[in-house]
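Student: Provided below: entry39.csv, containing CSV, C-alpha atoms.
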```
chain,number,residue,atom,x,y,z
Y,1,MET,CA,117.1,-20.5,77.6
Y,2,LEU,CA,116.1,-19.6,74.0
Y,3,ARG,CA,118.8,-19.3,71.4
Y,4,MET,CA,118.4,-17.6,68.1
Y,5,LYS,CA,119.8,-19.4,65.2
Y,6,GLN,CA,122.1,-17.2,63.2
Y,7,LEU,CA,120.9,-17.2,59.7
Y,8,THR,CA,123.4,-17.6,56.8
Y,9,PRO,CA,123.0,-14.7,54.4
Y,10,LYS,CA,122.3,-15.6,50.8
Y,11,VAL,CA,124.9,-13.1,49.5
Y,12,SER,CA,128.1,-11.7,50.9
Y,13,VAL,CA,129.0,-8.3,49.5
Y,14,ILE,CA,132.6,-7.4,49.8
Y,15,VAL,CA,133.6,-3.7,49.6
Y,16,PRO,CA,137.4,-3.4,49.4
Y,17,ASN,CA,138.5,0.2,49.5
Y,18,TYR,CA,141.6,2.3,49.0
Y,19,ASN,CA,141.3,6.0,48.7
Y,20,HIS,CA,137.8,6.1,47.1
Y,21,SER,CA,136.1,8.4,49.7
Y,22,ARG,CA,134.6,10.4,46.8
Y,23,PHE,CA,132.3,7.6,45.8
Y,24,LEU,CA,131.9,5.6,49.1
Y,25,VAL,CA,128.6,7.1,50.3
Y,26,GLN,CA,127.0,6.5,46.9
Y,27,ARG,CA,128.4,3.0,46.6
Y,28,LEU,CA,127.3,2.0,50.1
Y,29,ASP,CA,123.8,3.6,49.9
Y,30,SER,CA,123.3,1.7,46.6
Y,31,ILE,CA,124.1,-1.6,48.3
Y,32,PHE,CA,121.8,-0.9,51.2
Y,33,ASN,CA,119.0,0.2,48.9
Y,34,GLN,CA,118.8,-3.0,46.9
Y,35,THR,CA,115.5,-4.8,46.7
Y,36,VAL,CA,117.2,-8.1,47.8
Y,37,GLN,CA,118.0,-7.6,51.5
Y,38,ASP,CA,119.3,-11.1,52.3
Y,39,PHE,CA,123.0,-10.1,52.4
Y,40,GLU,CA,125.9,-9.3,54.7
Y,41,LEU,CA,128.3,-6.5,54.0
Y,42,ILE,CA,132.1,-6.8,54.5
Y,43,LEU,CA,133.9,-3.5,54.6
Y,44,LEU,CA,137.6,-3.5,54.1
Y,45,ASP,CA,139.9,-0.4,54.0
Y,46,ASP,CA,143.5,-0.8,52.9
Y,47,CYS,CA,145.0,2.0,54.9
Y,48,SER,CA,143.5,4.8,52.8
Y,49,SER,CA,145.2,8.2,53.1
Y,50,ASP,CA,141.9,10.1,52.3
Y,51,ASN,CA,138.9,10.2,54.6
Y,52,SER,CA,137.6,6.8,53.6
Y,53,GLU,CA,138.0,5.3,57.0
Y,54,GLU,CA,135.8,8.1,58.6
Y,55,ILE,CA,133.1,7.4,56.0
Y,56,LEU,CA,133.2,3.7,56.5
Y,57,LYS,CA,133.0,4.1,60.3
Y,58,GLN,CA,129.6,5.8,59.8
Y,59,TYR,CA,128.3,2.5,58.4
Y,60,ALA,CA,130.2,0.1,60.7
Y,61,ASN,CA,127.3,-0.4,63.1
Y,62,HIS,CA,124.6,-1.0,60.4
Y,63,ALA,CA,122.8,-4.3,60.9
Y,64,LYS,CA,123.9,-5.6,57.5
Y,65,VAL,CA,127.7,-4.9,58.2
Y,66,ALA,CA,129.2,-8.2,59.3
Y,67,HIS,CA,132.8,-7.0,59.3
Y,68,PHE,CA,134.6,-3.6,59.2
Y,69,ILE,CA,138.4,-4.0,59.0
Y,70,THR,CA,141.0,-1.4,58.4
Y,71,ASN,CA,144.6,-2.2,57.7
Y,72,LYS,CA,147.3,-0.5,59.7
Y,73,THR,CA,149.6,-0.6,56.6
Y,74,ASN,CA,148.7,-0.9,52.9
Y,75,SER,CA,148.7,-4.5,51.7
Y,76,GLY,CA,150.0,-3.4,48.3
Y,77,SER,CA,147.5,-5.6,46.5
Y,78,PRO,CA,143.7,-5.4,45.9
Y,79,PHE,CA,143.8,-9.2,45.6
Y,80,ARG,CA,144.8,-9.6,49.3
Y,81,GLN,CA,141.8,-7.5,50.2
Y,82,TRP,CA,139.5,-9.7,48.1
Y,83,LYS,CA,141.0,-12.8,49.6
Y,84,LYS,CA,140.4,-11.5,53.1
Y,85,GLY,CA,136.8,-10.7,52.2
Y,86,VAL,CA,136.1,-14.1,50.7
Y,87,GLU,CA,137.6,-15.8,53.8
Y,88,LEU,CA,135.2,-13.8,56.0
Y,89,ALA,CA,132.2,-14.3,53.8
Y,90,ARG,CA,129.4,-16.6,55.2
Y,91,GLY,CA,127.0,-16.1,52.3
Y,92,THR,CA,126.0,-18.8,49.8
Y,93,TYR,CA,127.1,-16.4,47.0
Y,94,VAL,CA,129.9,-13.8,47.1
```
Written as structure tokens, how would this file's structure read?
Tutor:
Amino acid sequence: MLRMKQLTPKVSVIVPNYNHSRFLVQRLDSIFNQTVQDFELILLDDCSSDNSEEILKQYANHAKVAHFITNKTNSGSPFRQWKKGVELARGTYV
């Protein structure tokens, strides 16, 4: 049985989001279109009340997306979202 070694990405990119649907597509497309492609993407939504979650879902199955997590209730702090992202990150750099 041949097993593929899971490669550690060089960079972990964390995208915490709360009600920024207006800019999400541009933000995510910019990340995906970087010349350096050795990265994983961590998408976090903090219970947005706009259509952010629907936009993020469109990217959830992209090969570069390592995690897509939406909170059921707002955490009340962007720092909690950053902490969650750092804990999930596997990259050498965040």
Student: Residues proximal to (132.9, 5.4, 60.5) were defined as those with any atom within 12 Å of that point in the file's coordinates, counting only C-alpha atoms. Which are they, as a PyMOL selection string?
Tutor: chain Y and resi 21+24-25+43-45+51-62+65+68-70
Student: Please produce a file of the residues just selected, as a compact mmCIF listing (two decimals), in the frame of the given file, where the atoms kept are C-alpha atoms.
Tutor:
```
# COMPACT_ATOMS: atom_id res chain seq x y z
CA SER Y 21 136.10 8.40 49.70
CA LEU Y 24 131.90 5.60 49.10
CA VAL Y 25 128.60 7.10 50.30
CA LEU Y 43 133.90 -3.50 54.60
CA LEU Y 44 137.60 -3.50 54.10
CA ASP Y 45 139.90 -0.40 54.00
CA ASN Y 51 138.90 10.20 54.60
CA SER Y 52 137.60 6.80 53.60
CA GLU Y 53 138.00 5.30 57.00
CA GLU Y 54 135.80 8.10 58.60
CA ILE Y 55 133.10 7.40 56.00
CA LEU Y 56 133.20 3.70 56.50
CA LYS Y 57 133.00 4.10 60.30
CA GLN Y 58 129.60 5.80 59.80
CA TYR Y 59 128.30 2.50 58.40
CA ALA Y 60 130.20 0.10 60.70
CA ASN Y 61 127.30 -0.40 63.10
CA HIS Y 62 124.60 -1.00 60.40
CA VAL Y 65 127.70 -4.90 58.20
CA PHE Y 68 134.60 -3.60 59.20
CA ILE Y 69 138.40 -4.00 59.00
CA THR Y 70 141.00 -1.40 58.40
```
Student: Which is closer to Ser48 (chain Y) than all the others in Y:Ser77, Y:Asn71, Y:Thr92, Y:Ser12, using all atoms listed in the file?
Tutor: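 The answer is Y:Asn71, which sits nearest to Ser48 (chain Y).
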Student: Could you check which of Y:Arg90, Y:Lys84, Y:His67, Y:Lys72 is closest to Leu41 (chain Y), using only C-alpha atoms?
Tutor: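 Under the stated criterion, the closest residue is Y:His67.
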Student: Suppose you want the space between CA of Phe79 (chain Y) and CA of Phe32 (chain Y); what is it in Å?
Tutor: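 Answer for the CA of Phe79 (chain Y) to CA of Phe32 (chain Y) separation: 24.2 Å.
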Student: Could you please determine the separation between CA of Phe39 (chain Y) and CA of Pro9 (chain Y) in Å, to one decimal place?
Tutor: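 About the pair CA of Phe39 (chain Y) and CA of Pro9 (chain Y): they are 5.0 Å apart.
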Student: I'd like the interatomic distance between CA of Asp29 (chain Y) and CA of Val13 (chain Y), to a tenth of an Å.
Tutor: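 Between CA of Asp29 (chain Y) and CA of Val13 (chain Y) the gap works out to 13.0 Å.
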Student: Y:Ala89, Y:Leu28, Y:Cys47, Y:Val94: which is nearest Asn74 (chain Y), counting only C-alpha atoms?
Tutor: Y:Cys47
Student: Would you mind listing what lies within 12 Å of Val11 (chain Y) as a PDB file with C-alpha atoms, in the frame of the given file, with all atoms listed in the file counted and same-chain residues fewer than 3 positions away left out?
Tutor:
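Output file out-v4.pdb follows:
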```pdb
ATOM      1  CA  LEU Y   7     120.900 -17.200  59.700  1.00  0.00           C
ATOM      2  CA  THR Y   8     123.400 -17.600  56.800  1.00  0.00           C
ATOM      3  CA  ILE Y  14     132.600  -7.400  49.800  1.00  0.00           C
ATOM      4  CA  ILE Y  31     124.100  -1.600  48.300  1.00  0.00           C
ATOM      5  CA  VAL Y  36     117.200  -8.100  47.800  1.00  0.00           C
ATOM      6  CA  GLN Y  37     118.000  -7.600  51.500  1.00  0.00           C
ATOM      7  CA  ASP Y  38     119.300 -11.100  52.300  1.00  0.00           C
ATOM      8  CA  PHE Y  39     123.000 -10.100  52.400  1.00  0.00           C
ATOM      9  CA  GLU Y  40     125.900  -9.300  54.700  1.00  0.00           C
ATOM     10  CA  LEU Y  41     128.300  -6.500  54.000  1.00  0.00           C
ATOM     11  CA  ILE Y  42     132.100  -6.800  54.500  1.00  0.00           C
ATOM     12  CA  LYS Y  64     123.900  -5.600  57.500  1.00  0.00           C
ATOM     13  CA  ALA Y  66     129.200  -8.200  59.300  1.00  0.00           C
ATOM     14  CA  VAL Y  86     136.100 -14.100  50.700  1.00  0.00           C
ATOM     15  CA  ALA Y  89     132.200 -14.300  53.800  1.00  0.00           C
ATOM     16  CA  ARG Y  90     129.400 -16.600  55.200  1.00  0.00           C
ATOM     17  CA  GLY Y  91     127.000 -16.100  52.300  1.00  0.00           C
ATOM     18  CA  THR Y  92     126.000 -18.800  49.800  1.00  0.00           C
ATOM     19  CA  TYR Y  93     127.100 -16.400  47.000  1.00  0.00           C
ATOM     20  CA  VAL Y  94     129.900 -13.800  47.100  1.00  0.00           C
TER      21      VAL Y  94
END
```
Student: Which is closer to Asp46 (chain Y) than all the others in Y:Phe23, Y:Thr73, Y:Val15, Y:Trp82, using only C-alpha atoms?
Tutor: Y:Thr73
